[in-house]
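To be precise, the following lines are input.txt, and they hold compact mmCIF, C-alpha atoms.
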```txt
# COMPACT_ATOMS: atom_id res chain seq x y z
CA MET A 1 72.17 -268.84 -85.12
CA ILE A 2 70.69 -272.00 -86.57
CA GLU A 3 69.68 -274.56 -83.92
CA ASN A 4 67.86 -277.89 -84.44
CA VAL A 5 66.42 -276.87 -87.81
CA LYS A 6 65.18 -279.28 -90.46
CA LEU A 7 66.17 -277.69 -93.77
CA GLY A 8 64.76 -279.01 -97.02
CA LYS A 9 66.73 -279.41 -100.24
CA GLY A 10 67.84 -276.30 -102.07
CA VAL A 11 67.08 -273.82 -99.28
CA LYS A 12 68.85 -270.48 -99.80
CA ILE A 13 69.66 -268.45 -96.68
CA TRP A 14 71.27 -265.25 -97.91
CA ARG A 15 73.16 -264.38 -94.73
CA PRO A 16 73.21 -267.38 -92.37
CA ASP A 17 75.28 -265.35 -89.90
CA LEU A 18 72.44 -262.78 -89.68
CA VAL A 19 69.48 -265.19 -89.42
CA ASN A 20 68.03 -266.84 -86.29
CA LEU A 21 66.26 -270.18 -86.80
CA TYR A 22 65.18 -272.23 -83.77
CA ASP A 23 63.67 -275.74 -83.81
CA CYS A 24 61.67 -275.13 -86.99
CA VAL A 25 61.05 -276.88 -90.30
CA ILE A 26 61.91 -275.17 -93.59
CA GLY A 27 60.68 -276.88 -96.77
CA ASP A 28 62.50 -277.44 -100.05
CA GLU A 29 63.63 -274.53 -102.24
CA CYS A 30 62.81 -271.77 -99.75
CA ASN A 31 64.55 -268.41 -99.94
CA ILE A 32 65.26 -266.61 -96.64
CA GLY A 33 66.55 -263.04 -96.48
CA ALA A 34 68.91 -261.48 -93.95
CA PHE A 35 67.89 -260.60 -90.37
CA VAL A 36 65.00 -263.09 -90.34
CA GLU A 37 63.94 -264.80 -87.12
CA ILE A 38 61.92 -268.03 -87.20
CA GLY A 39 60.86 -269.50 -83.86
CA LYS A 40 60.39 -272.90 -82.31
CA GLY A 41 57.77 -275.11 -83.91
CA VAL A 42 57.23 -272.96 -87.00
CA VAL A 43 56.61 -274.93 -90.19
CA VAL A 44 57.45 -273.34 -93.53
CA GLY A 45 56.32 -275.18 -96.67
CA LYS A 46 58.10 -275.56 -99.99
CA ARG A 47 59.13 -272.69 -102.28
CA VAL A 48 58.37 -269.97 -99.71
CA ARG A 49 60.14 -266.61 -100.01
CA ILE A 50 60.77 -264.73 -96.78
CA GLY A 51 62.01 -261.15 -97.05
CA ALA A 52 64.65 -259.49 -94.89
CA HIS A 53 63.80 -258.57 -91.29
CA ALA A 54 60.71 -260.85 -91.11
CA PHE A 55 59.74 -262.07 -87.63
CA ILE A 56 57.98 -265.46 -87.50
CA PRO A 57 57.41 -266.71 -83.93
CA THR A 58 56.02 -269.93 -82.43
CA GLY A 59 52.51 -270.77 -83.64
CA VAL A 60 52.93 -269.86 -87.31
CA THR A 61 52.44 -272.26 -90.22
CA ILE A 62 53.25 -271.13 -93.75
CA GLU A 63 52.10 -273.48 -96.50
CA ASP A 64 53.75 -274.00 -99.92
CA ASP A 65 54.40 -271.23 -102.46
CA CYS A 66 53.82 -268.28 -100.10
CA PHE A 67 55.53 -264.89 -100.06
CA VAL A 68 56.36 -263.07 -96.81
CA GLY A 69 57.55 -259.57 -97.64
CA PRO A 70 60.36 -257.72 -95.91
CA ARG A 71 59.70 -256.57 -92.34
CA VAL A 72 56.53 -258.67 -91.97
CA THR A 73 55.81 -259.30 -88.30
CA PHE A 74 53.68 -262.16 -87.04
CA THR A 75 52.51 -261.79 -83.43
CA ASN A 76 51.54 -264.77 -81.32
CA ASP A 77 50.76 -263.48 -77.83
CA LYS A 78 47.00 -263.15 -77.49
CA TYR A 79 46.97 -261.85 -73.93
CA PRO A 80 50.32 -260.35 -72.96
CA PRO A 81 51.90 -261.09 -70.59
CA GLY A 82 50.04 -264.41 -70.68
CA PRO A 83 51.46 -267.85 -70.02
CA ARG A 84 53.65 -269.32 -72.72
CA GLU A 85 51.12 -272.09 -73.41
CA ASP A 86 48.60 -269.50 -74.60
CA TRP A 87 50.27 -268.71 -77.95
CA GLY A 88 47.89 -267.94 -80.78
CA TYR A 89 48.18 -269.62 -84.15
CA ILE A 90 48.55 -268.04 -87.59
CA ILE A 91 48.21 -269.97 -90.83
CA MET A 92 49.18 -268.76 -94.28
CA ARG A 93 47.46 -271.01 -96.79
CA LYS A 94 49.09 -272.14 -100.03
CA GLY A 95 50.03 -269.40 -102.49
CA SER A 96 49.19 -266.44 -100.24
CA SER A 97 51.31 -263.27 -100.11
CA LEU A 98 51.98 -260.59 -97.51
CA GLY A 99 53.38 -257.25 -98.68
CA ALA A 100 56.20 -255.45 -96.91
CA ALA A 101 55.72 -254.43 -93.28
CA CYS A 102 52.42 -256.25 -92.69
CA VAL A 103 51.59 -257.07 -89.09
CA VAL A 104 49.62 -260.27 -88.49
CA LEU A 105 47.79 -260.67 -85.18
CA PRO A 106 47.30 -264.11 -83.59
CA GLY A 107 44.40 -266.39 -84.38
CA VAL A 108 44.02 -265.66 -88.10
CA VAL A 109 44.08 -267.65 -91.30
CA ILE A 110 45.29 -266.00 -94.48
CA GLY A 111 43.36 -267.77 -97.23
CA GLU A 112 44.73 -269.65 -100.19
CA CYS A 113 46.07 -267.44 -103.01
CA SER A 114 45.11 -264.25 -101.18
CA LEU A 115 47.17 -261.07 -101.31
CA VAL A 116 47.56 -258.56 -98.47
CA GLY A 117 48.95 -255.13 -99.35
CA ALA A 118 52.05 -253.60 -97.82
CA GLY A 119 51.69 -252.02 -94.40
CA SER A 120 48.38 -253.73 -93.62
CA ILE A 121 47.49 -254.98 -90.16
CA ILE A 122 45.68 -258.31 -90.31
CA THR A 123 43.27 -258.63 -87.38
CA ARG A 124 40.92 -261.31 -88.75
CA ASP A 125 40.80 -264.07 -91.36
CA ILE A 126 41.44 -263.15 -94.99
CA PRO A 127 39.25 -265.22 -97.35
CA PRO A 128 40.82 -267.32 -100.10
CA TYR A 129 41.41 -265.64 -103.50
CA SER A 130 40.99 -262.11 -102.16
CA ILE A 131 42.95 -258.88 -101.99
CA ALA A 132 43.01 -257.06 -98.65
CA VAL A 133 44.60 -253.76 -97.65
CA GLY A 134 44.61 -251.24 -94.83
CA ILE A 135 44.54 -250.86 -91.07
CA PRO A 136 42.81 -253.07 -90.22
CA ALA A 137 43.06 -255.09 -93.43
CA ARG A 138 39.79 -255.21 -95.35
CA VAL A 139 38.95 -257.18 -98.49
CA VAL A 140 38.77 -254.85 -101.48
CA SER A 141 38.72 -257.28 -104.39
CA GLY A 142 39.04 -260.89 -105.45
CA VAL A 143 41.87 -262.49 -107.37
CA GLY A 144 39.56 -265.09 -108.88
CA VAL A 145 37.20 -267.83 -107.83
CA LYS A 146 38.03 -271.45 -108.49
CA LYS A 147 35.78 -273.06 -111.07
CA GLU A 148 34.23 -276.35 -110.00
CA ASP A 149 36.27 -279.44 -110.92
CA SER A 150 38.97 -277.38 -112.61
CA ASN A 151 42.38 -275.91 -111.99
CA ASP A 152 41.30 -272.73 -113.77
CA TYR A 153 40.20 -269.55 -112.03
CA ALA A 154 37.58 -267.10 -113.24
CA SER A 155 37.98 -263.40 -112.51
```

For the structure just supplied, provide its representation as structure tokens.
Amino acid sequence: MIENVKLGKGVKIWRPDLVNLYDCVIGDECNIGAFVEIGKGVVVGKRVRIGAHAFIPTGVTIEDDCFVGPRVTFTNDKYPPGPREDWGYIIMRKGSSLGAACVVLPGVVIGECSLVGAGSIITRDIPPYSIAVGIPARVVSGVGVKKEDSNDYAS
């Protein structure tokens, strides 16, 4: 079911009959797998890949060039069964990646160009340019630090 969705140019939805999109914005050149659900108010940037069975509810923002692996689940209810106005936010910054079956709790920011390993549970912010794994996800390494006034990254 696709209702009131703003789809960018070149979006590929592999099985539109098996995807639920509600009142969301999907940027240009995104790739959405089967059995994905994207809720009201979600904003997905450009060139984002979303794997099969991902669940992306209200309160999530995914910036450009991100990867959401298969079966990733974002959660937005901070205090169940709280009032609907109390949804938590989740932000995936540009270029970040979530491995298969990650669970992301509300109120976190996944930093720019960070990588979270498969099966991790993200309970707090992940710093930019880092690699995090585990339950709960912990930073184990960096993927590089941006050099001042440059587009290059040092390891």

Proximity of segment 32-118 of chain A to segment 5-14 of chain A: per-residue shortest pair, 7 Å limit, all atoms listed in the file, as CSV:
```
residue,atom,partner,partner_atom,distance
A:Ile32,CA,A:Ile13,CA,4.8
A:Gly33,CA,A:Trp14,CA,5.4
A:Ala34,CA,A:Trp14,CA,6.0
```

note - atom CA of Pro16 of chain A and atom CA of Gly39 of chain A are separated by 15.1 Å

In Å and to one decimal, atom CA of Val19 of chain A is distant from atom CA of Ile38 of chain A by 8.4 Å

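For the pair atom CA of Ile90 of chain A and atom CA of Val68 of chain A, the separation is 13.1 Å.
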
Could you pull the residues within 6 Å of Val133 of chain A, counting all atoms listed in the file, minus those fewer than 2 positions along the same chain, as a PyMOL selection string? chain A and resi 116-117+120+137-138

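Residue nearest Tyr89 of chain A, chosen from A:Ala101, A:Thr61, A:Gly41, A:Ser114 and counting only C-alpha atoms: A:Thr61.
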
Output, as AutoDock Vina command-line options, the centre and edge lengths in Å (one decimal) of the axis-aligned box that contains all listed atoms of segment 30-47 of chain A with 8 Å of margin on each side.
```
--center_x 62.6 --center_y -268.1 --center_z -92.3 --size_x 28.6 --size_y 31.0 --size_z 36.0
```

Fill in: Exercise: Ile50 of chain A partners within 10 Å, all atoms listed in the file, chain neighbours under 2 positions left out, as a list of chain:residue names
A:Ile13, A:Cys30, A:Asn31, A:Ile32, A:Gly33, A:Ala34, A:Val36, A:Val44, A:Arg47, A:Val48, A:Ala52, A:His53, A:Ala54, A:Phe55, A:Ile56, A:Cys66, A:Phe67, A:Val68, A:Gly69, A:Pro70, A:Arg71, A:Val72, A:Leu98

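Closest approach to Gly134 of chain A among A:Ile110, A:Met92, A:Val43, A:Cys102: A:Cys102, based on all atoms listed in the file.
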
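Proximity ranking of A:Arg15, A:Arg93, A:Gly51, A:Gly99 relative to Ile126 of chain A places A:Arg93 first, based on all atoms listed in the file.
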
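Using all atoms listed in the file for every distance, the candidate list A:Asp125, A:Glu37, A:Glu63, A:Glu112 yields A:Glu37 as the residue closest to Tyr22 of chain A.
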
**OP:** Tell me, as an MDAnalysis selection string, which residues lie within 12 Å of Pro128 of chain A, counting only C-alpha atoms; anything in the same chain fewer than 6 positions away does not count.
**Re:** chainID A and resid 92:97 109:116 139 141:146

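Closest approach to Gly88 of chain A among A:Asn76, A:Thr58, A:Asn4, A:Thr123: A:Asn76, based on all atoms listed in the file.
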
Between A:Arg49, A:Arg124, A:Lys40, A:Lys78, smallest distance to Val25 of chain A by only C-alpha atoms belongs to A:Lys40
